[in-house]
Amino acid sequence: MSGINDQVGPRLYQTLEDITGLHKESKEARERSQKAEDKAASADWKSEITQKRLFEAVDGQEQLDETKMIRVDVEDGKVYPNASAKLDAVQQRTTAQLAQKANLESPINPNWSNWDDIRWNYGFDRNKTRIHNTFKGVLETDAMISVRGGGGRWNSVDGIGSFINGGHVFEGWSADEKYRFTMLVGKREMEAHIQVFNPITKEMGVVKLGTDRDNLGYDFSERTAKFFGEVAFENFQAIRKTNNAGSLDFTGGSKFGAGNRDGASIKMFGGSYLANPGGMDIYLGDYARDLTSFLNIHHMKNGKDVELARLFPSGRFRIGGALIVGKYDTVPPVLEKGTIFYGQSTDNLKVASESGFTDIISGIIKDNEWEISYGKRFETDRRGAALKLFGDNAHYPASTHIHIGSYQRDLRVDSHFAVRAANSNGSAPEVMRIDGLGKTWFFGSVKLGELTSDPTPENGRMYYNSSTRKIRICEGLTWKNMIA
């Protein structure tokens, strides 16, 4: 204990001296007692040692029973088997009495040499703060360490920091004393904090929870929190911002923000955000690379993920089921070009265009057939082209009919069905045309079907015979070479 600071108050010094002397006395007494016990254990001890010498050897102040080597403490009335046990009891009793009476404190000394070091002076008023005491060794208690009074670093008692009701209550320094782990209370009312801090550079470090192993646990620093495990919420309501004028960014990448994202992100805006109040942005891809990224919506079913919809980078949208659009009794007041809606009064889909609102599809479904017609007029009331698709229909199973012309006037010469093929020049020339009278044009070569022999005769049929390498036609129910 000789290493204790020489400026410790006299009460502390005397108390520690008492404890030190007690331990010294105990050690010497143990040695004397052990010698006496070793001698007494021999068969002829009575003849070689007198009762008086035995009393002196064990430093006995009370009577000693020579036959059983039992010592009775007249102070507490307890029986001890030897002097060593007696001294143990005396030591425990004395230490307890000292601890009950000790009220230790160190002096205030503005000239203390350690006040010139930032590790000590940072956040303290040397004219008001008691100097630090040093105890070398491990402190252990069967209860707890309690810090009261708010006199730690940056304390509110001396009013030298921003704490309003407390100060630092624990500091644990690194071996080179360049940074410390700190626990503090009362910087703001009803708040406590933990942090890692370098008083020289003023940098904040990382507090790791759950483990000390790399890439495990949960790391917290001044501006980021890094989780290496799952996060589960009980009684969870929301992840929210306290300021509704800002935004919240969730990203699958390591970066976020305009021009910086390297993975998909969802950005949600508060109701007071100026650019997109109460809105949400979804970002796909990577600013540094051109990726084929998709926005997928899945449904989990029977242990599998079933794709319900997919948004492609080109803007194309694919759905795996029915698409339901908004219904309006009248035309919505504000619509951008390309907006699709369902007009309930007209019972059809409409699209907003430059000229107003145009019907997309007018059709009816009945008896395993679906008809799409211009002007929403069907069957014998048709006044324009129509497409009719058949399902398991009794008359036209799995067939398709294309209707041209009008039931109101004869358009057989003017109406036609055309097949066009688009090309990279931005045009779509006709490759085939059929008019209302059945006249057919092919704007290219026509390839006939190939057979190895003549089929059943049917006037007007034509095919290419791959065996004879001739074009064959049927006239008068007889197959003939088109060219001999």
# chains A, B, ... in the order shown; residues from 1 in each chain; ligands from 1
>>> select_by_dssp(residues="region 113-322 of chain A", states="strand (DSSP E or B)", output="PyMOL selection string")
chain A and resi 130+167-173+180-185+192-197+204+207-209+218-220+225-227+247-251+265-269+280-283+295-301+304-311+317-319
>>> residues_around(residues="Phe227 (chain A)", least_positions_apart="2", cutoff="7 Å", atoms="only C-alpha atoms", output="PyMOL selection string")
chain A and resi 217-219+225+229
>>> write_last_selection(atoms="N, CA, C and O atoms", output="PDB file, in the first residue's frame")
ATOM      1  N   GLY A 217     -22.708  -9.711 -33.823  1.00  0.00           N
ATOM      2  CA  GLY A 217     -23.182  -8.723 -32.871  1.00  0.00           C
ATOM      3  C   GLY A 217     -23.740  -7.483 -33.541  1.00  0.00           C
ATOM      4  O   GLY A 217     -24.126  -7.493 -34.723  1.00  0.00           O
ATOM      5  N   TYR A 218     -23.742  -6.375 -32.795  1.00  0.00           N
ATOM      6  CA  TYR A 218     -24.384  -5.143 -33.243  1.00  0.00           C
ATOM      7  C   TYR A 218     -23.478  -3.965 -32.890  1.00  0.00           C
ATOM      8  O   TYR A 218     -23.159  -3.753 -31.720  1.00  0.00           O
ATOM      9  N   ASP A 219     -23.035  -3.231 -33.917  1.00  0.00           N
ATOM     10  CA  ASP A 219     -22.094  -2.128 -33.743  1.00  0.00           C
ATOM     11  C   ASP A 219     -22.816  -0.789 -33.817  1.00  0.00           C
ATOM     12  O   ASP A 219     -23.577  -0.536 -34.762  1.00  0.00           O
ATOM     13  N   ALA A 225     -25.365   2.479 -37.348  1.00  0.00           N
ATOM     14  CA  ALA A 225     -25.555   1.259 -36.559  1.00  0.00           C
ATOM     15  C   ALA A 225     -25.444   0.092 -37.529  1.00  0.00           C
ATOM     16  O   ALA A 225     -26.158   0.045 -38.530  1.00  0.00           O
ATOM     17  N   GLY A 229     -26.654  -9.464 -37.270  1.00  0.00           N
ATOM     18  CA  GLY A 229     -27.637 -10.505 -36.965  1.00  0.00           C
ATOM     19  C   GLY A 229     -29.037 -10.011 -37.259  1.00  0.00           C
ATOM     20  O   GLY A 229     -29.240  -8.915 -37.785  1.00  0.00           O
TER      21      GLY A 229
END
>>> atom_distance(atom1="CA of Ser265 (chain A)", atom2="CA of Ile282 (chain A)")
5.9 Å
>>> residues_around(residues="His168 (chain A)", least_positions_apart="3", cutoff="10 Å", atoms="only C-alpha atoms", output="ChimeraX atom specification")
/A:123,147,150-155,163,171,182-187,192-194
>>> write_last_selection(atoms="N, CA and C atoms", output="PDB file, in the first residue's frame")
ATOM      1  N   GLY A 123     -12.782  18.406 -18.996  1.00  0.00           N
ATOM      2  CA  GLY A 123     -14.117  18.344 -18.411  1.00  0.00           C
ATOM      3  C   GLY A 123     -14.157  18.497 -16.901  1.00  0.00           C
ATOM      4  N   VAL A 147     -22.794   5.348  -7.911  1.00  0.00           N
ATOM      5  CA  VAL A 147     -22.243   6.686  -8.116  1.00  0.00           C
ATOM      6  C   VAL A 147     -23.360   7.697  -7.889  1.00  0.00           C
ATOM      7  N   GLY A 150     -23.438  13.359  -8.941  1.00  0.00           N
ATOM      8  CA  GLY A 150     -23.232  14.036 -10.223  1.00  0.00           C
ATOM      9  C   GLY A 150     -21.950  14.823 -10.318  1.00  0.00           C
ATOM     10  N   GLY A 151     -20.858  14.333  -9.703  1.00  0.00           N
ATOM     11  CA  GLY A 151     -19.617  15.089  -9.723  1.00  0.00           C
ATOM     12  C   GLY A 151     -18.597  14.603 -10.718  1.00  0.00           C
ATOM     13  N   GLY A 152     -18.984  13.735 -11.663  1.00  0.00           N
ATOM     14  CA  GLY A 152     -18.040  13.214 -12.642  1.00  0.00           C
ATOM     15  C   GLY A 152     -17.660  14.247 -13.686  1.00  0.00           C
ATOM     16  N   ARG A 153     -16.937  13.800 -14.693  1.00  0.00           N
ATOM     17  CA  ARG A 153     -16.471  14.702 -15.747  1.00  0.00           C
ATOM     18  C   ARG A 153     -17.646  15.417 -16.405  1.00  0.00           C
ATOM     19  N   TRP A 154     -17.459  16.718 -16.730  1.00  0.00           N
ATOM     20  CA  TRP A 154     -18.479  17.576 -17.325  1.00  0.00           C
ATOM     21  C   TRP A 154     -19.715  17.683 -16.441  1.00  0.00           C
ATOM     22  N   ASN A 155     -19.522  17.637 -15.140  1.00  0.00           N
ATOM     23  CA  ASN A 155     -20.660  17.538 -14.234  1.00  0.00           C
ATOM     24  C   ASN A 155     -21.461  18.834 -14.154  1.00  0.00           C
ATOM     25  N   PHE A 163     -24.041  19.287 -19.320  1.00  0.00           N
ATOM     26  CA  PHE A 163     -24.917  18.410 -18.544  1.00  0.00           C
ATOM     27  C   PHE A 163     -25.846  19.254 -17.679  1.00  0.00           C
ATOM     28  N   GLU A 171     -15.478   5.451 -16.576  1.00  0.00           N
ATOM     29  CA  GLU A 171     -14.556   5.558 -17.714  1.00  0.00           C
ATOM     30  C   GLU A 171     -13.592   4.386 -17.681  1.00  0.00           C
ATOM     31  N   THR A 182     -17.003   5.176 -22.074  1.00  0.00           N
ATOM     32  CA  THR A 182     -17.594   6.105 -21.116  1.00  0.00           C
ATOM     33  C   THR A 182     -19.077   5.821 -20.911  1.00  0.00           C
ATOM     34  N   MET A 183     -19.502   5.887 -19.652  1.00  0.00           N
ATOM     35  CA  MET A 183     -20.918   5.838 -19.315  1.00  0.00           C
ATOM     36  C   MET A 183     -21.249   7.148 -18.622  1.00  0.00           C
ATOM     37  N   LEU A 184     -22.332   7.775 -19.009  1.00  0.00           N
ATOM     38  CA  LEU A 184     -22.681   9.072 -18.445  1.00  0.00           C
ATOM     39  C   LEU A 184     -24.190   9.186 -18.273  1.00  0.00           C
ATOM     40  N   VAL A 185     -24.587  10.088 -17.402  1.00  0.00           N
ATOM     41  CA  VAL A 185     -26.001  10.253 -17.107  1.00  0.00           C
ATOM     42  C   VAL A 185     -26.302  11.729 -16.882  1.00  0.00           C
ATOM     43  N   GLY A 186     -27.488  12.154 -17.301  1.00  0.00           N
ATOM     44  CA  GLY A 186     -27.962  13.498 -16.987  1.00  0.00           C
ATOM     45  C   GLY A 186     -27.518  14.593 -17.927  1.00  0.00           C
ATOM     46  N   LYS A 187     -27.004  14.245 -19.123  1.00  0.00           N
ATOM     47  CA  LYS A 187     -26.703  15.331 -20.055  1.00  0.00           C
ATOM     48  C   LYS A 187     -27.998  16.032 -20.443  1.00  0.00           C
ATOM     49  N   ALA A 192     -29.396   8.511 -20.353  1.00  0.00           N
ATOM     50  CA  ALA A 192     -28.066   7.986 -20.049  1.00  0.00           C
ATOM     51  C   ALA A 192     -27.410   7.604 -21.368  1.00  0.00           C
ATOM     52  N   HIS A 193     -26.081   7.606 -21.419  1.00  0.00           N
ATOM     53  CA  HIS A 193     -25.370   7.392 -22.677  1.00  0.00           C
ATOM     54  C   HIS A 193     -24.162   6.498 -22.451  1.00  0.00           C
ATOM     55  N   ILE A 194     -23.778   5.763 -23.490  1.00  0.00           N
ATOM     56  CA  ILE A 194     -22.514   5.033 -23.519  1.00  0.00           C
ATOM     57  C   ILE A 194     -21.823   5.368 -24.826  1.00  0.00           C
TER      58      ILE A 194
END
>>> residues_around(residues="Arg420 (chain A)", least_positions_apart="3", cutoff="7 Å", atoms="only C-alpha atoms", output="PyMOL selection string")
chain A and resi 428-431
>>> write_last_selection(atoms="N, CA, C and O atoms", output="tab-separated table (two decimals), in the first residue's frame")
chain	number	residue	atom	x	y	z
A	428	ALA	N	-44.41	-0.16	-91.76
A	428	ALA	CA	-44.99	-1.50	-91.64
A	428	ALA	C	-45.74	-1.81	-92.94
A	428	ALA	O	-46.97	-1.69	-93.02
A	429	PRO	N	-45.03	-2.20	-94.01
A	429	PRO	CA	-45.68	-2.48	-95.29
A	429	PRO	C	-46.54	-3.74	-95.24
A	429	PRO	O	-46.31	-4.63	-94.42
A	430	GLU	N	-47.52	-3.78	-96.11
A	430	GLU	CA	-48.39	-4.95	-96.19
A	430	GLU	C	-47.64	-6.14	-96.77
A	430	GLU	O	-46.83	-6.01	-97.69
A	431	VAL	N	-47.93	-7.30	-96.24
A	431	VAL	CA	-47.42	-8.54	-96.82
A	431	VAL	C	-48.55	-9.40	-97.37
A	431	VAL	O	-48.33	-10.31	-98.17
>>> atom_distance(atom1="CA of Tyr396 (chain A)", atom2="CA of Trp370 (chain A)")
12.2 Å
>>> atom_distance(atom1="CA of His416 (chain A)", atom2="CA of Lys447 (chain A)")
22.5 Å
>>> closest_residue(among="A:Val331, A:Arg469, A:Ile372, A:Ser113", to="Thr358 (chain A)", atoms="only C-alpha atoms")
A:Val331
>>> residues_around(residues="region 254-259 of chain A", least_positions_apart="4", cutoff="9 Å", atoms="only C-alpha atoms", output="PyMOL selection string")
chain A and resi 249-250+263+265+287-288
>>> write_last_selection(atoms="N, CA and C atoms", output="PDB file, in the first residue's frame")
ATOM      1  N   ASP A 249     -34.583   6.421 -46.169  1.00  0.00           N
ATOM      2  CA  ASP A 249     -34.078   5.628 -47.287  1.00  0.00           C
ATOM      3  C   ASP A 249     -33.735   4.226 -46.799  1.00  0.00           C
ATOM      4  N   PHE A 250     -34.337   3.186 -47.403  1.00  0.00           N
ATOM      5  CA  PHE A 250     -33.994   1.794 -47.143  1.00  0.00           C
ATOM      6  C   PHE A 250     -33.310   1.249 -48.400  1.00  0.00           C
ATOM      7  N   GLY A 263     -27.490  -0.119 -55.174  1.00  0.00           N
ATOM      8  CA  GLY A 263     -28.440  -1.218 -54.999  1.00  0.00           C
ATOM      9  C   GLY A 263     -29.846  -0.661 -54.928  1.00  0.00           C
ATOM     10  N   SER A 265     -33.370   0.638 -53.716  1.00  0.00           N
ATOM     11  CA  SER A 265     -33.704   1.477 -52.565  1.00  0.00           C
ATOM     12  C   SER A 265     -35.180   1.857 -52.594  1.00  0.00           C
ATOM     13  N   TYR A 287     -25.877   3.058 -59.835  1.00  0.00           N
ATOM     14  CA  TYR A 287     -25.425   4.233 -60.574  1.00  0.00           C
ATOM     15  C   TYR A 287     -24.118   3.975 -61.330  1.00  0.00           C
ATOM     16  N   ALA A 288     -23.308   3.046 -60.841  1.00  0.00           N
ATOM     17  CA  ALA A 288     -21.993   2.815 -61.446  1.00  0.00           C
ATOM     18  C   ALA A 288     -22.033   1.793 -62.573  1.00  0.00           C
TER      19      ALA A 288
END
>>> residues_around(residues="His395 (chain A)", least_positions_apart="3", cutoff="12 Å", atoms="only C-alpha atoms", output="list in words")
Asp367, Asn368, Glu369, Phe390, Gly391, Asp392, Ala398, Ser399 and Thr400 of chain A
>>> residues_around(residues="region 290-297 of chain A", least_positions_apart="4", cutoff="12 Å", atoms="only C-alpha atoms", output="MDAnalysis selection string")
chainID A and resid 262:266 282:286 305:321
>>> write_last_selection(atoms="N, CA and C atoms", output="compact mmCIF listing (two decimals), in the first residue's frame")
# COMPACT_ATOMS: atom_id res chain seq x y z
N ASP A 262 -25.89 2.06 -54.87
CA ASP A 262 -25.32 0.90 -55.55
C ASP A 262 -26.19 -0.34 -55.31
N GLY A 263 -27.49 -0.12 -55.17
CA GLY A 263 -28.44 -1.22 -55.00
C GLY A 263 -29.85 -0.66 -54.93
N ALA A 264 -30.81 -1.56 -54.93
CA ALA A 264 -32.21 -1.14 -54.90
C ALA A 264 -32.52 -0.37 -53.62
N SER A 265 -33.37 0.64 -53.72
CA SER A 265 -33.70 1.48 -52.56
C SER A 265 -35.18 1.86 -52.59
N ILE A 266 -35.72 2.03 -51.41
CA ILE A 266 -37.06 2.59 -51.24
C ILE A 266 -36.91 3.86 -50.42
N ILE A 282 -39.11 4.38 -55.61
CA ILE A 282 -38.45 3.08 -55.64
C ILE A 282 -37.35 3.14 -56.69
N TYR A 283 -36.12 2.80 -56.30
CA TYR A 283 -34.97 2.86 -57.20
C TYR A 283 -34.46 1.44 -57.46
N LEU A 284 -34.16 1.16 -58.72
CA LEU A 284 -33.61 -0.14 -59.12
C LEU A 284 -32.27 0.08 -59.80
N GLY A 285 -31.35 -0.89 -59.63
CA GLY A 285 -30.09 -0.83 -60.36
C GLY A 285 -28.95 -0.27 -59.54
N ASP A 286 -27.95 0.29 -60.26
CA ASP A 286 -26.71 0.77 -59.67
C ASP A 286 -26.24 1.96 -60.49
N ASP A 305 -42.35 -19.48 -54.36
CA ASP A 305 -42.64 -18.08 -54.65
C ASP A 305 -43.29 -17.99 -56.03
N VAL A 306 -44.49 -17.48 -56.09
CA VAL A 306 -45.22 -17.32 -57.35
C VAL A 306 -45.18 -15.85 -57.75
N GLU A 307 -44.68 -15.57 -58.94
CA GLU A 307 -44.56 -14.19 -59.39
C GLU A 307 -45.94 -13.65 -59.77
N LEU A 308 -46.33 -12.55 -59.15
CA LEU A 308 -47.60 -11.90 -59.46
C LEU A 308 -47.43 -10.80 -60.49
N ALA A 309 -46.30 -10.10 -60.42
CA ALA A 309 -46.09 -9.00 -61.36
C ALA A 309 -44.60 -8.70 -61.45
N ARG A 310 -44.18 -8.11 -62.58
CA ARG A 310 -42.78 -7.72 -62.78
C ARG A 310 -42.72 -6.44 -63.58
N LEU A 311 -41.91 -5.50 -63.09
CA LEU A 311 -41.64 -4.25 -63.80
C LEU A 311 -40.23 -4.33 -64.36
N PHE A 312 -40.11 -4.18 -65.70
CA PHE A 312 -38.83 -4.30 -66.39
C PHE A 312 -38.15 -2.94 -66.46
N PRO A 313 -36.79 -2.93 -66.67
CA PRO A 313 -36.07 -1.66 -66.79
C PRO A 313 -36.59 -0.77 -67.92
N SER A 314 -37.16 -1.37 -68.95
CA SER A 314 -37.70 -0.60 -70.07
C SER A 314 -39.02 0.09 -69.72
N GLY A 315 -39.58 -0.24 -68.55
CA GLY A 315 -40.87 0.32 -68.18
C GLY A 315 -42.03 -0.62 -68.47
N ARG A 316 -41.73 -1.73 -69.16
CA ARG A 316 -42.78 -2.72 -69.45
C ARG A 316 -43.22 -3.39 -68.16
N PHE A 317 -44.52 -3.62 -68.05
CA PHE A 317 -45.09 -4.19 -66.83
C PHE A 317 -45.82 -5.47 -67.18
N ARG A 318 -45.44 -6.56 -66.51
CA ARG A 318 -46.07 -7.86 -66.76
C ARG A 318 -46.77 -8.32 -65.49
N ILE A 319 -48.01 -8.78 -65.66
CA ILE A 319 -48.77 -9.28 -64.52
C ILE A 319 -49.09 -10.74 -64.73
N GLY A 320 -49.17 -11.46 -63.62
CA GLY A 320 -49.46 -12.89 -63.68
C GLY A 320 -50.91 -13.20 -63.42
N GLY A 321 -51.76 -12.19 -63.41
CA GLY A 321 -53.18 -12.41 -63.18
C GLY A 321 -53.97 -11.27 -63.80
>>> select_by_dssp(residues="region 164-379 of chain A", states="helix (DSSP H, G or I)", output="list in words")
Tyr374, Gly375, Lys376 and Glu379 of chain A
>>> write_last_selection(atoms="N, CA, C and O atoms", output="tab-separated table (two decimals), in the first residue's frame")
chain	number	residue	atom	x	y	z
A	374	TYR	N	-65.34	-2.46	-83.01
A	374	TYR	CA	-65.26	-1.02	-82.95
A	374	TYR	C	-66.66	-0.44	-82.75
A	374	TYR	O	-67.63	-0.86	-83.38
A	375	GLY	N	-66.77	0.54	-81.86
A	375	GLY	CA	-68.04	1.21	-81.66
A	375	GLY	C	-69.00	0.47	-80.77
A	375	GLY	O	-70.16	0.87	-80.64
A	376	LYS	N	-68.55	-0.61	-80.16
A	376	LYS	CA	-69.39	-1.38	-79.25
A	376	LYS	C	-70.72	-1.80	-79.89
A	376	LYS	O	-71.79	-1.71	-79.32
A	379	GLU	N	-72.29	-8.40	-83.65
A	379	GLU	CA	-73.06	-9.34	-84.47
A	379	GLU	C	-73.79	-8.60	-85.59
A	379	GLU	O	-73.17	-7.91	-86.40
